file data_12.cif (mmCIF, C-alpha atoms)
data_coords
loop_
_atom_site.label_atom_id
_atom_site.label_comp_id
_atom_site.auth_asym_id
_atom_site.auth_seq_id
_atom_site.Cartn_x
_atom_site.Cartn_y
_atom_site.Cartn_z
CA MET A 1 -0.40 14.67 17.34
CA THR A 2 -0.46 18.45 16.91
CA LYS A 3 -1.06 20.08 13.55
CA GLN A 4 2.62 20.91 13.07
CA GLU A 5 3.67 17.40 14.07
CA ILE A 6 1.36 16.03 11.38
CA LEU A 7 2.32 18.53 8.66
CA ASN A 8 6.05 18.02 9.33
CA ASN A 9 5.93 14.27 9.86
CA GLN A 10 8.85 12.48 8.26
CA ALA A 11 6.57 9.85 6.72
CA LEU A 12 5.15 12.47 4.33
CA GLN A 13 8.41 12.72 2.38
CA GLN A 14 9.73 9.16 2.60
CA HIS A 15 9.95 7.10 -0.56
CA MET A 16 11.71 4.04 -1.92
CA LEU A 17 14.85 5.95 -2.96
CA PHE A 18 15.30 8.11 0.13
CA PHE A 19 14.10 7.26 3.63
CA SER A 20 15.00 10.71 4.96
CA PRO A 21 15.24 13.19 2.05
CA LEU A 22 17.93 15.78 2.67
CA ASN A 23 16.57 18.49 0.37
CA ARG A 24 20.17 19.48 -0.26
CA LYS A 25 22.38 19.63 -3.33
CA ALA A 26 26.11 20.06 -3.90
CA GLN A 27 27.16 23.28 -5.55
CA ARG A 28 30.57 24.29 -6.85
CA ASP A 29 31.81 27.87 -7.00
CA ASN A 30 35.05 29.85 -6.73
CA SER A 31 34.50 31.15 -3.22
CA GLY A 32 37.51 29.34 -1.74
CA PRO A 33 40.81 31.02 -0.71
CA ASN A 34 42.35 32.96 -3.57
CA GLY A 35 39.30 32.26 -5.70
CA ARG A 36 39.87 28.52 -5.71
CA PRO A 37 36.93 26.16 -6.41
CA ARG A 38 34.88 25.06 -3.45
CA LEU A 39 32.18 22.39 -3.17
CA HIS A 40 29.49 23.07 -0.60
CA TYR A 41 25.89 22.18 0.16
CA VAL A 42 22.89 24.40 -0.44
CA GLU A 43 19.21 23.88 0.24
CA GLU A 44 17.20 22.25 -2.55
CA LYS A 45 13.52 22.92 -3.08
CA GLN A 46 11.02 20.20 -2.24
CA GLY A 47 9.07 18.91 -5.21
CA VAL A 48 5.92 18.94 -3.09
CA LYS A 49 5.87 20.88 0.17
CA ILE A 50 2.79 20.68 2.40
CA LEU A 51 1.93 24.19 3.60
CA ASP A 52 -1.36 23.45 5.35
CA TYR A 53 -4.24 21.00 5.25
CA GLY A 54 -5.35 20.98 1.61
CA VAL A 55 -2.53 23.27 0.45
CA ALA A 56 0.68 22.17 -1.29
CA GLU A 57 3.54 24.01 -2.95
CA PHE A 58 4.82 22.34 -6.14
CA ASN A 59 8.37 22.94 -7.40
CA PHE A 60 10.07 21.73 -10.58
CA TYR A 61 13.49 22.46 -12.08
CA ALA A 62 13.30 22.98 -15.85
CA PRO A 63 15.34 26.01 -16.99
CA GLU A 64 14.57 25.55 -20.70
CA ALA A 65 10.86 24.74 -20.35
CA LYS A 66 8.02 26.79 -21.79
CA THR A 67 5.24 25.20 -19.67
CA VAL A 68 5.16 23.02 -16.54
CA SER A 69 2.08 21.52 -14.90
CA VAL A 70 1.08 18.82 -12.43
CA LYS A 71 -2.04 16.68 -12.52
CA GLY A 72 -3.51 14.10 -10.17
CA TRP A 73 -4.81 10.70 -11.24
CA GLY A 74 -8.45 11.58 -10.61
CA GLY A 75 -10.38 10.36 -7.60
CA SER A 76 -9.52 12.61 -4.69
CA MET A 77 -7.20 14.74 -6.86
CA PRO A 78 -8.76 15.55 -10.23
CA GLN A 79 -7.10 18.98 -10.35
CA GLN A 80 -4.36 20.22 -12.64
CA PHE A 81 -2.13 23.05 -11.49
CA ASP A 82 0.02 25.16 -13.79
CA LEU A 83 3.42 26.17 -12.45
CA HIS A 84 5.04 29.52 -13.24
CA PRO A 85 8.76 30.29 -13.65
CA THR A 86 10.55 31.73 -10.64
CA GLU A 87 14.29 32.15 -10.17
CA ASN A 88 17.29 30.12 -11.40
CA GLY A 89 15.33 27.77 -13.65
CA TYR A 90 12.70 26.70 -11.10
CA TRP A 91 8.95 26.61 -11.63
CA GLN A 92 6.45 26.86 -8.79
CA CYS A 93 2.79 27.07 -7.86
CA VAL A 94 0.60 26.68 -4.78
CA GLY A 95 -2.30 24.27 -5.15
CA GLU A 96 -5.32 24.65 -2.87
CA GLY A 97 -8.39 22.56 -2.23
CA ILE A 98 -6.52 19.24 -2.39
CA LEU A 99 -8.39 16.53 -0.54
CA PRO A 100 -6.54 14.52 2.12
CA GLY A 101 -4.95 11.24 1.19
CA PHE A 102 -2.28 9.64 -0.95
CA HIS A 103 -1.97 11.18 -4.42
CA TYR A 104 -0.20 9.78 -7.45
CA CYS A 105 0.55 12.70 -9.76
CA ASP A 106 2.16 13.37 -13.14
CA PHE A 107 4.30 16.35 -14.05
CA TYR A 108 4.30 17.65 -17.62
CA VAL A 109 7.04 19.75 -19.22
CA ASP A 110 6.00 21.28 -22.54
CA GLY A 111 3.24 18.66 -22.67
CA VAL A 112 5.57 15.70 -22.11
CA ARG A 113 5.01 13.56 -19.01
CA THR A 114 8.15 13.35 -16.91
CA ILE A 115 9.39 12.60 -13.41
CA ASN A 116 9.91 15.38 -10.90
CA GLN A 117 13.26 14.48 -9.36
CA LEU A 118 12.55 16.76 -6.40
CA ALA A 119 9.41 14.83 -5.33
CA PRO A 120 8.87 11.33 -3.88
CA VAL A 121 8.72 8.44 -6.35
CA GLY A 122 7.08 5.03 -6.17
CA TYR A 123 5.97 2.22 -8.45
CA GLY A 124 2.40 2.46 -9.70
CA GLY A 125 0.61 1.94 -12.98
CA PHE A 126 3.47 -0.36 -14.02
CA ARG A 127 5.91 2.57 -14.00
CA VAL A 128 7.89 4.89 -11.80
CA VAL A 129 5.60 7.71 -10.74
CA ASN A 130 5.60 10.71 -8.44
CA PHE A 131 3.32 10.86 -5.43
CA PHE A 132 2.71 13.01 -2.38
CA GLU A 133 0.75 12.82 0.85
CA MET A 134 -1.88 15.32 1.92
CA PRO A 135 -2.40 14.76 5.66
CA GLU A 136 -5.73 15.09 7.39
CA ALA A 137 -6.42 16.74 10.72
CA GLY A 138 -6.77 14.16 13.47
CA SER A 139 -5.61 11.25 11.29
CA ALA A 140 -2.17 10.04 12.34
CA PHE A 141 -2.55 6.24 12.48
CA TRP A 142 -0.29 5.78 9.43
CA LEU A 143 2.34 8.39 10.31
CA MET A 144 5.69 7.83 11.99
CA GLN A 145 5.13 8.19 15.72
CA ASN A 146 7.34 7.99 18.79
CA VAL A 147 6.67 4.30 19.43
CA PRO A 148 8.80 1.15 19.11
CA HIS A 149 9.30 0.28 15.47
CA GLY A 150 9.36 -3.16 13.89
CA ASP A 151 11.76 -4.24 11.17
CA VAL A 152 11.09 -4.57 7.45
CA ARG A 153 13.30 -7.23 5.89
CA MET A 154 13.62 -8.13 2.22
CA GLU A 155 13.68 -11.90 1.77
CA GLN A 156 14.00 -13.98 -1.40
CA TYR A 157 12.32 -17.23 -2.40
CA THR A 158 12.02 -19.10 -5.69
CA SER A 159 8.71 -19.47 -7.50
CA SER A 160 7.94 -23.00 -8.67
CA VAL A 161 5.50 -21.47 -11.18
CA ASN A 162 8.07 -19.72 -13.35
CA GLY A 163 11.45 -20.31 -11.70
CA ARG A 164 11.96 -16.64 -10.90
CA VAL A 165 13.48 -15.48 -7.62
CA LYS A 166 10.83 -13.36 -5.89
CA ALA A 167 11.20 -10.74 -3.18
CA ALA A 168 9.03 -10.76 -0.08
CA TRP A 169 9.15 -7.82 2.30
CA VAL A 170 8.56 -9.07 5.82
CA TYR A 171 7.53 -6.93 8.77
CA THR A 172 8.43 -8.28 12.20
CA PRO A 173 7.02 -6.60 15.32
CA PRO A 174 9.26 -4.55 17.64
CA THR A 175 9.71 -7.38 20.16
CA TYR A 176 10.56 -10.08 17.60
CA ASP A 177 14.30 -10.17 18.24
CA GLN A 178 13.86 -9.65 21.98
CA ASN A 179 11.73 -12.77 22.46
CA PRO A 180 13.56 -15.65 20.72
CA ASP A 181 11.11 -18.26 22.03
CA LYS A 182 7.92 -16.54 20.92
CA ARG A 183 6.07 -17.53 17.74
CA TYR A 184 3.80 -15.16 15.84
CA PRO A 185 0.72 -15.28 13.60
CA VAL A 186 1.17 -14.12 10.00
CA LEU A 187 -0.75 -11.79 7.70
CA TYR A 188 -0.11 -12.11 3.95
CA ILE A 189 -1.24 -8.96 2.16
CA GLN A 190 -1.19 -8.17 -1.56
CA HIS A 191 -0.89 -5.09 -3.78
CA GLY A 192 -3.04 -4.02 -6.73
CA VAL A 193 -2.63 -3.98 -10.52
CA GLY A 194 0.39 -1.99 -11.64
CA GLU A 195 2.00 -2.01 -8.21
CA ASN A 196 4.34 -4.51 -6.57
CA GLU A 197 5.71 -5.71 -3.24
CA THR A 198 7.00 -2.22 -2.39
CA GLY A 199 3.50 -0.72 -2.38
CA TRP A 200 2.26 -1.63 1.08
CA ILE A 201 5.46 -0.23 2.64
CA TRP A 202 6.12 3.01 0.76
CA GLN A 203 2.60 3.87 -0.37
CA GLY A 204 0.59 2.05 2.29
CA LYS A 205 2.83 2.82 5.28
CA LEU A 206 1.75 -0.57 6.64
CA ASN A 207 4.73 -0.89 8.96
CA TYR A 208 3.77 2.34 10.72
CA ILE A 209 0.13 1.25 10.93
CA ALA A 210 1.28 -1.96 12.63
CA ASP A 211 3.74 -0.15 14.92
CA ASN A 212 1.09 2.27 16.10
CA LEU A 213 -1.64 -0.33 16.60
CA ILE A 214 0.69 -2.62 18.56
CA ALA A 215 1.87 0.28 20.73
CA GLU A 216 -1.76 1.17 21.47
CA GLY A 217 -2.59 -2.45 22.32
CA LYS A 218 -5.22 -2.53 19.57
CA CYS A 219 -3.90 -5.47 17.57
CA GLU A 220 -1.97 -8.65 18.13
CA GLU A 221 1.75 -8.74 17.45
CA MET A 222 2.08 -10.34 14.03
CA ILE A 223 4.45 -10.94 11.15
CA ILE A 224 3.29 -9.32 7.91
CA VAL A 225 4.40 -10.52 4.48
CA VAL A 226 4.01 -8.46 1.30
CA ASN A 227 5.16 -9.92 -1.98
CA SER A 228 4.68 -9.58 -5.72
CA GLY A 229 1.42 -11.12 -6.89
CA TYR A 230 2.61 -11.57 -10.47
CA ALA A 231 3.22 -15.22 -11.39
CA PHE A 232 3.45 -14.76 -15.14
CA VAL A 233 4.90 -17.52 -17.30
CA ASP A 234 6.65 -16.51 -20.54
CA GLY A 235 4.39 -16.98 -23.54
CA GLN A 236 1.26 -17.47 -21.45
CA ILE A 237 -1.62 -15.03 -21.90
CA ASP A 238 -3.45 -14.34 -18.64
CA MET A 239 -6.75 -12.71 -17.88
CA PHE A 240 -7.25 -10.62 -14.73
CA LEU A 241 -5.43 -12.93 -12.32
CA PRO A 242 -1.73 -12.92 -13.34
CA GLY A 243 -0.68 -16.56 -13.36
CA ASP A 244 -0.92 -19.25 -10.73
CA PHE A 245 -0.11 -17.10 -7.73
CA ASP A 246 -2.17 -19.50 -5.60
CA ARG A 247 0.45 -22.22 -6.05
CA GLU A 248 3.36 -19.84 -5.63
CA LEU A 249 2.01 -18.41 -2.38
CA VAL A 250 0.86 -21.66 -0.78
CA HIS A 251 3.61 -24.00 -1.95
CA ASP A 252 6.62 -21.65 -2.16
CA CYS A 253 6.25 -18.46 -0.14
CA ILE A 254 4.44 -19.73 2.95
CA PRO A 255 6.79 -22.70 3.54
CA PHE A 256 9.74 -20.36 3.07
CA ILE A 257 8.37 -17.89 5.63
CA ASP A 258 7.51 -20.67 8.10
CA LYS A 259 11.06 -22.02 7.84
CA LYS A 260 12.82 -18.63 8.07
CA PHE A 261 10.69 -16.98 10.76
CA ARG A 262 9.16 -18.04 14.07
CA THR A 263 5.59 -18.41 12.85
CA LEU A 264 2.51 -20.11 14.20
CA THR A 265 1.83 -22.50 11.34
CA ASP A 266 -1.79 -23.55 11.84
CA LYS A 267 -4.55 -21.97 9.77
CA ASP A 268 -6.09 -20.17 12.74
CA HIS A 269 -2.95 -18.04 12.97
CA ARG A 270 -2.72 -17.18 9.28
CA ALA A 271 -4.60 -14.40 7.46
CA ILE A 272 -4.69 -13.14 3.89
CA ALA A 273 -5.81 -9.79 2.47
CA GLY A 274 -5.28 -7.59 -0.55
CA LEU A 275 -6.42 -4.52 -2.42
CA SER A 276 -7.98 -4.42 -5.90
CA LEU A 277 -6.23 -7.22 -7.85
CA GLY A 278 -4.81 -8.40 -4.53
CA SER A 279 -8.32 -8.52 -3.09
CA ALA A 280 -9.35 -11.00 -5.81
CA GLN A 281 -6.27 -13.07 -5.02
CA ALA A 282 -6.97 -12.96 -1.29
CA PHE A 283 -10.63 -13.86 -1.82
CA THR A 284 -10.01 -16.81 -4.13
CA ILE A 285 -6.87 -18.16 -2.45
CA GLY A 286 -8.14 -17.66 1.08
CA LEU A 287 -11.41 -19.45 0.44
CA ALA A 288 -9.83 -22.19 -1.68
CA HIS A 289 -7.52 -23.01 1.23
CA ARG A 290 -9.99 -22.36 4.04
CA LYS A 291 -9.63 -25.86 5.47
CA ASP A 292 -5.85 -26.02 5.71
CA THR A 293 -4.14 -22.64 5.31
CA PHE A 294 -6.23 -19.51 6.08
CA SER A 295 -8.94 -18.61 8.60
CA TYR A 296 -9.09 -14.85 7.91
CA VAL A 297 -9.81 -13.24 4.54
CA GLY A 298 -9.72 -9.50 3.82
CA VAL A 299 -11.07 -7.97 0.61
CA PHE A 300 -10.18 -4.29 0.10
CA SER A 301 -11.82 -2.54 -2.87
CA GLY A 302 -12.72 -5.69 -4.73
CA GLY A 303 -15.94 -7.36 -5.75
CA VAL A 304 -17.26 -10.37 -3.85
CA ALA A 305 -19.51 -12.97 -5.41
CA ALA A 306 -20.01 -16.71 -5.41
CA LYS A 307 -19.09 -16.83 -9.08
CA SER A 308 -16.88 -14.50 -11.11
CA ALA A 309 -18.61 -12.64 -13.90
CA PHE A 310 -15.37 -12.93 -15.88
CA GLY A 311 -15.04 -16.70 -15.52
CA GLY A 312 -12.15 -16.52 -13.09
CA TYR A 313 -13.66 -18.65 -10.33
CA ASP A 314 -16.77 -20.49 -9.22
CA MET A 315 -17.23 -20.85 -5.45
CA THR A 316 -20.96 -21.51 -5.44
CA ASP A 317 -20.43 -24.61 -3.32
CA VAL A 318 -18.30 -22.68 -0.81
CA PHE A 319 -21.13 -20.25 -0.05
CA ALA A 320 -23.88 -22.89 -0.28
CA ASP A 321 -23.00 -24.38 3.13
CA GLY A 322 -23.11 -21.61 5.69
CA GLU A 323 -22.40 -23.87 8.63
CA ALA A 324 -19.21 -25.19 7.05
CA PHE A 325 -18.19 -21.69 5.95
CA ASN A 326 -18.54 -20.26 9.44
CA ARG A 327 -16.60 -23.19 10.87
CA ASP A 328 -13.71 -22.75 8.44
CA ILE A 329 -13.53 -18.95 8.16
CA LYS A 330 -13.25 -16.92 11.35
CA LEU A 331 -13.48 -13.59 9.53
CA LEU A 332 -14.55 -12.45 6.08
CA PHE A 333 -13.79 -8.72 5.95
CA VAL A 334 -15.01 -6.70 2.96
CA SER A 335 -14.10 -3.03 2.55
CA TRP A 336 -14.57 -0.36 -0.10
CA GLY A 337 -14.46 3.39 -0.61
CA THR A 338 -17.74 5.26 -0.67
CA HIS A 339 -17.10 6.44 -4.25
CA GLU A 340 -16.20 2.99 -5.60
CA PRO A 341 -18.61 1.20 -7.95
CA MET A 342 -18.48 -2.25 -6.31
CA GLY A 343 -20.03 -1.09 -3.04
CA GLU A 344 -23.69 -1.60 -3.92
CA HIS A 345 -23.10 -5.06 -5.41
CA ASN A 346 -20.97 -6.14 -2.43
CA ALA A 347 -23.62 -5.02 0.04
CA GLU A 348 -26.30 -6.98 -1.83
CA PHE A 349 -24.19 -10.14 -1.92
CA LEU A 350 -23.29 -9.92 1.76
CA ASP A 351 -26.97 -9.38 2.63
CA GLN A 352 -27.88 -12.44 0.59
CA ILE A 353 -25.37 -14.87 2.12
CA GLU A 354 -26.26 -13.72 5.63
CA ARG A 355 -29.99 -14.03 4.96
CA GLU A 356 -29.86 -17.36 3.13
CA GLN A 357 -26.82 -19.15 4.61
CA GLY A 358 -26.19 -17.35 7.88
CA ILE A 359 -22.72 -16.24 6.75
CA LYS A 360 -21.75 -13.04 8.48
CA ALA A 361 -19.08 -10.74 7.08
CA VAL A 362 -17.63 -7.58 8.55
CA ARG A 363 -18.22 -4.60 6.28
CA HIS A 364 -16.04 -1.54 6.32
CA THR A 365 -16.33 1.64 4.28
CA HIS A 366 -14.39 4.86 4.23
CA GLU A 367 -14.98 8.11 2.39
CA GLY A 368 -12.91 7.96 -0.76
CA TRP A 369 -12.03 6.40 -4.08
CA HIS A 370 -9.91 3.49 -5.35
CA GLU A 371 -6.85 4.91 -3.57
CA TRP A 372 -4.28 4.17 -0.88
CA ASP A 373 -5.90 6.19 1.87
CA VAL A 374 -9.02 3.97 1.62
CA TRP A 375 -6.82 0.85 1.77
CA ARG A 376 -4.88 2.16 4.76
CA TYR A 377 -8.12 2.59 6.68
CA ALA A 378 -9.17 -0.91 5.62
CA ALA A 379 -5.90 -2.46 6.82
CA HIS A 380 -6.12 -0.48 10.06
CA ALA A 381 -9.59 -1.88 10.77
CA TYR A 382 -8.84 -5.43 9.57
CA MET A 383 -5.69 -5.88 11.62
CA GLN A 384 -7.55 -5.05 14.83
CA LEU A 385 -9.84 -8.05 14.25
CA LEU A 386 -7.18 -10.68 13.53
CA PHE A 387 -6.08 -13.54 15.73
CA LYS A 388 -8.33 -12.68 18.68
#
call {"tool": "encode", "arguments": {"input": "data_12.cif", "output": "structure tokens"}}
result
Amino acid sequence: MTKQEILNNQALQQHMLFFSPLNRKAQRDNSGPNGRPRLHYVEEKQGVKILDYGVAEFNFYAPEAKTVSVKGWGGSMPQQFDLHPTENGYWQCVGEGILPGFHYCDFYVDGVRTINQLAPVGYGGFRVVNFFEMPEAGSAFWLMQNVPHGDVRMEQYTSSVNGRVKAAWVYTPPTYDQNPDKRYPVLYIQHGVGENETGWIWQGKLNYIADNLIAEGKCEEMIIVVNSGYAFVDGQIDMFLPGDFDRELVHDCIPFIDKKFRTLTDKDHRAIAGLSLGSAQAFTIGLAHRKDTFSYVGVFSGGVAAKSAFGGYDMTDVFADGEAFNRDIKLLFVSWGTHEPMGEHNAEFLDQIEREQGIKAVRHTHEGWHEWDVWRYAAHAYMQLLFK
């Protein structure tokens, strides 16, 4: 893709409330015949407008404000930019030196954190939050491209853990409805702490990653399921893993998906992965059900060990028998950002199990922090290795 095709790509502005933001607003004046009122559309400013690689224009409407600023969540965007008043109640600034990637950001008006209604919104940190995308030259694997697109469908199933109706967002490949006799392998992929089932679509752009890989012939056609990893029970105090999501996924979600969609139901055609919290869920659930449910396990930005330091699991026996492990698990994929703290420990553990038990894992790293651009690269690499 050319530079302008990347900078103007529609995926940069999409969010859960508006697939194709209009950047328009309705305005009423008395410009009609004989001074009568008229309602017409005028252009609205973009909350975040990408001007160039590393350069973004921030806009905020706050006519009564005394100060307005925007600040990233650290990692690849530690900067804070102060906006200045312009015309008609708007504030604006141009921020430079912003690293490429996905950026959650907070806007402050007179020191109070608020939502910029002109900018994309998502769910992160257990709240509604603004975000924007800073594209990178030569990196278009997650952008909307002129290729066949799969469908993303919202399905509902009931959790036997807490009785709640849960939403699962299901990606089906472009040919799914055209080939009614074909059955497909399935990837189950989880979000991180503070996010939910919307994350891998709106923040992760996973459907575009799959579309582009399939169009390039780099990955198998597959169904992808993203759902909420929270299985809380009222009155129950949980540690890091939020409830018995293992039971909900294996006994409720997977049977529902297998009944509703044309899936290949053996373990060799089922994969699991996740980021951060979801990586711990993928690691523990995938390995616990290695003999009957999953053959592929993907850990994105999570720690791997035979035994949890926090008492969450003990899989010493799983890693003690390398021959059995390699027979049951076709792929253990472990990925992290170069600036993440778990990298050194993960590398040591993977060296140990290969040296002592002959267990080989695929390692993947990408320049970055505990952020969505690192997880996109991880998913992009992992999906190319599945179901071969």
call {"tool": "closest_residue", "arguments": {"input": "data_12.cif", "among": "A:Tyr184, A:Phe256, A:Phe102, A:Phe131", "to": "Gly47 (chain A)", "atoms": "all atoms listed in the file"}}
result
A:Phe131
call {"tool": "resolve_selection", "arguments": {"input": "data_12.cif", "expression": "the PyMOL selection byres ((chain A and resi 176) around 10)", "output": "list in words"}}
result
Gly150, Asp151, Tyr171, Thr172, Pro173, Pro174, Thr175, Asp177, Gln178, Asn179, Pro180, Asp181, Lys182, Arg183, Tyr184, Glu221, Met222, Ile223, Phe261 and Arg262 of chain A
call {"tool": "write_last_selection", "arguments": {"input": "data_12.cif", "atoms": "C-alpha atoms", "output": "JSON list (two decimals), in the coordinates of the input"}}
result
[["chain", "number", "residue", "atom", "x", "y", "z"],
["A", 150, "GLY", "CA", 9.36, -3.16, 13.89],
["A", 151, "ASP", "CA", 11.76, -4.24, 11.17],
["A", 171, "TYR", "CA", 7.53, -6.93, 8.77],
["A", 172, "THR", "CA", 8.43, -8.28, 12.20],
["A", 173, "PRO", "CA", 7.02, -6.60, 15.32],
["A", 174, "PRO", "CA", 9.26, -4.55, 17.64],
["A", 175, "THR", "CA", 9.71, -7.38, 20.16],
["A", 177, "ASP", "CA", 14.30, -10.17, 18.24],
["A", 178, "GLN", "CA", 13.86, -9.65, 21.98],
["A", 179, "ASN", "CA", 11.73, -12.77, 22.46],
["A", 180, "PRO", "CA", 13.56, -15.65, 20.72],
["A", 181, "ASP", "CA", 11.11, -18.26, 22.03],
["A", 182, "LYS", "CA", 7.92, -16.54, 20.92],
["A", 183, "ARG", "CA", 6.07, -17.53, 17.74],
["A", 184, "TYR", "CA", 3.80, -15.16, 15.84],
["A", 221, "GLU", "CA", 1.75, -8.74, 17.45],
["A", 222, "MET", "CA", 2.08, -10.34, 14.03],
["A", 223, "ILE", "CA", 4.45, -10.94, 11.15],
["A", 261, "PHE", "CA", 10.69, -16.98, 10.76],
["A", 262, "ARG", "CA", 9.16, -18.04, 14.07]]
call {"tool": "residues_around", "arguments": {"input": "data_12.cif", "residues": "Arg363 (chain A)", "least_positions_apart": "3", "cutoff": "10 Å", "atoms": "all atoms listed in the file", "output": "VMD selection string"}}
result
chain A and resid 299 332 to 336 346 to 347 350 360 378 382
call {"tool": "resolve_selection", "arguments": {"input": "data_12.cif", "expression": "the PyMOL selection byres ((chain A and resi 218) around 10)", "output": "count of residues only"}}
result
15
call {"tool": "atom_distance", "arguments": {"input": "data_12.cif", "atom1": "CA of Phe60 (chain A)", "atom2": "CA of Met134 (chain A)"}}
result
18.4 Å
call {"tool": "residues_near_point", "arguments": {"input": "data_12.cif", "point": "(2.1, 12.4, 12.6)", "cutoff": "10 Å", "atoms": "only C-alpha atoms", "output": "ChimeraX atom specification"}}
result
/A:1-12,135-146
call {"tool": "closest_residue", "arguments": {"input": "data_12.cif", "among": "A:Phe58, A:Pro21, A:Leu331, A:Asn196", "to": "Glu43 (chain A)", "atoms": "all atoms listed in the file"}}
result
A:Pro21
call {"tool": "residues_around", "arguments": {"input": "data_12.cif", "residues": "His40 (chain A)", "least_positions_apart": "6", "cutoff": "9 Å", "atoms": "all atoms listed in the file", "output": "ChimeraX atom specification"}}
result
/A:25-29
call {"tool": "closest_residue", "arguments": {"input": "data_12.cif", "among": "A:Arg247, A:Lys388, A:Lys307, A:Arg376", "to": "Arg270 (chain A)", "atoms": "all atoms listed in the file"}}
result
A:Lys388
call {"tool": "residues_around", "arguments": {"input": "data_12.cif", "residues": "Asn59 (chain A)", "least_positions_apart": "6", "cutoff": "7 Å", "atoms": "all atoms listed in the file", "output": "CSV table (one decimal) with C-alpha atoms, keeping the file's coordinate frame"}}
result
chain,number,residue,atom,x,y,z
A,45,LYS,CA,13.5,22.9,-3.1
A,46,GLN,CA,11.0,20.2,-2.2
A,47,GLY,CA,9.1,18.9,-5.2
A,48,VAL,CA,5.9,18.9,-3.1
A,90,TYR,CA,12.7,26.7,-11.1
A,91,TRP,CA,9.0,26.6,-11.6
A,92,GLN,CA,6.4,26.9,-8.8
A,93,CYS,CA,2.8,27.1,-7.9
call {"tool": "closest_residue", "arguments": {"input": "data_12.cif", "among": "A:Asp258, A:Asp246, A:Glu87, A:Asp268", "to": "Phe283 (chain A)", "atoms": "all atoms listed in the file"}}
result
A:Asp246
call {"tool": "axis_aligned_box", "arguments": {"input": "data_12.cif", "around": "region 298-316 of chain A", "padding_each_side": "6 Å", "output": "lines of an AutoDock Vina configuration file"}}
result
center_x = -15.3
center_y = -12.0
center_z = -6.0
size_x = 23.2
size_y = 31.0
size_z = 31.7
call {"tool": "closest_residue", "arguments": {"input": "data_12.cif", "among": "A:Ala320, A:Val374, A:Val165, A:Ile272", "to": "Gln357 (chain A)", "atoms": "only C-alpha atoms"}}
result
A:Ala320
call {"tool": "atom_distance", "arguments": {"input": "data_12.cif", "atom1": "CA of Gly75 (chain A)", "atom2": "CA of Ala56 (chain A)"}}
result
17.4 Å
call {"tool": "atom_distance", "arguments": {"input": "data_12.cif", "atom1": "CA of Ser279 (chain A)", "atom2": "CA of Val304 (chain A)"}}
result
9.2 Å
call {"tool": "residues_around", "arguments": {"input": "data_12.cif", "residues": "region 161-163 of chain A", "least_positions_apart": "5", "cutoff": "9 Å", "atoms": "all atoms listed in the file", "output": "list of chain:residue names"}}
result
A:Ala231, A:Phe232, A:Val233, A:Asp234, A:Gly243, A:Asp244, A:Phe245, A:Arg247, A:Glu248
call {"tool": "closest_residue", "arguments": {"input": "data_12.cif", "among": "A:Asn207, A:Glu133, A:Ala168, A:Phe240", "to": "His149 (chain A)", "atoms": "only C-alpha atoms"}}
result
A:Asn207
call {"tool": "resolve_selection", "arguments": {"input": "data_12.cif", "expression": "the PyMOL selection byres ((chain A and resi 103) around 9)", "output": "list in words"}}
result
Gly72, Trp73, Gly74, Ser76, Met77, Pro100, Gly101, Phe102, Tyr104, Cys105, Asn130, Phe131, Phe132, Glu133, Met134, Glu371, Trp372 and Asp373 of chain A
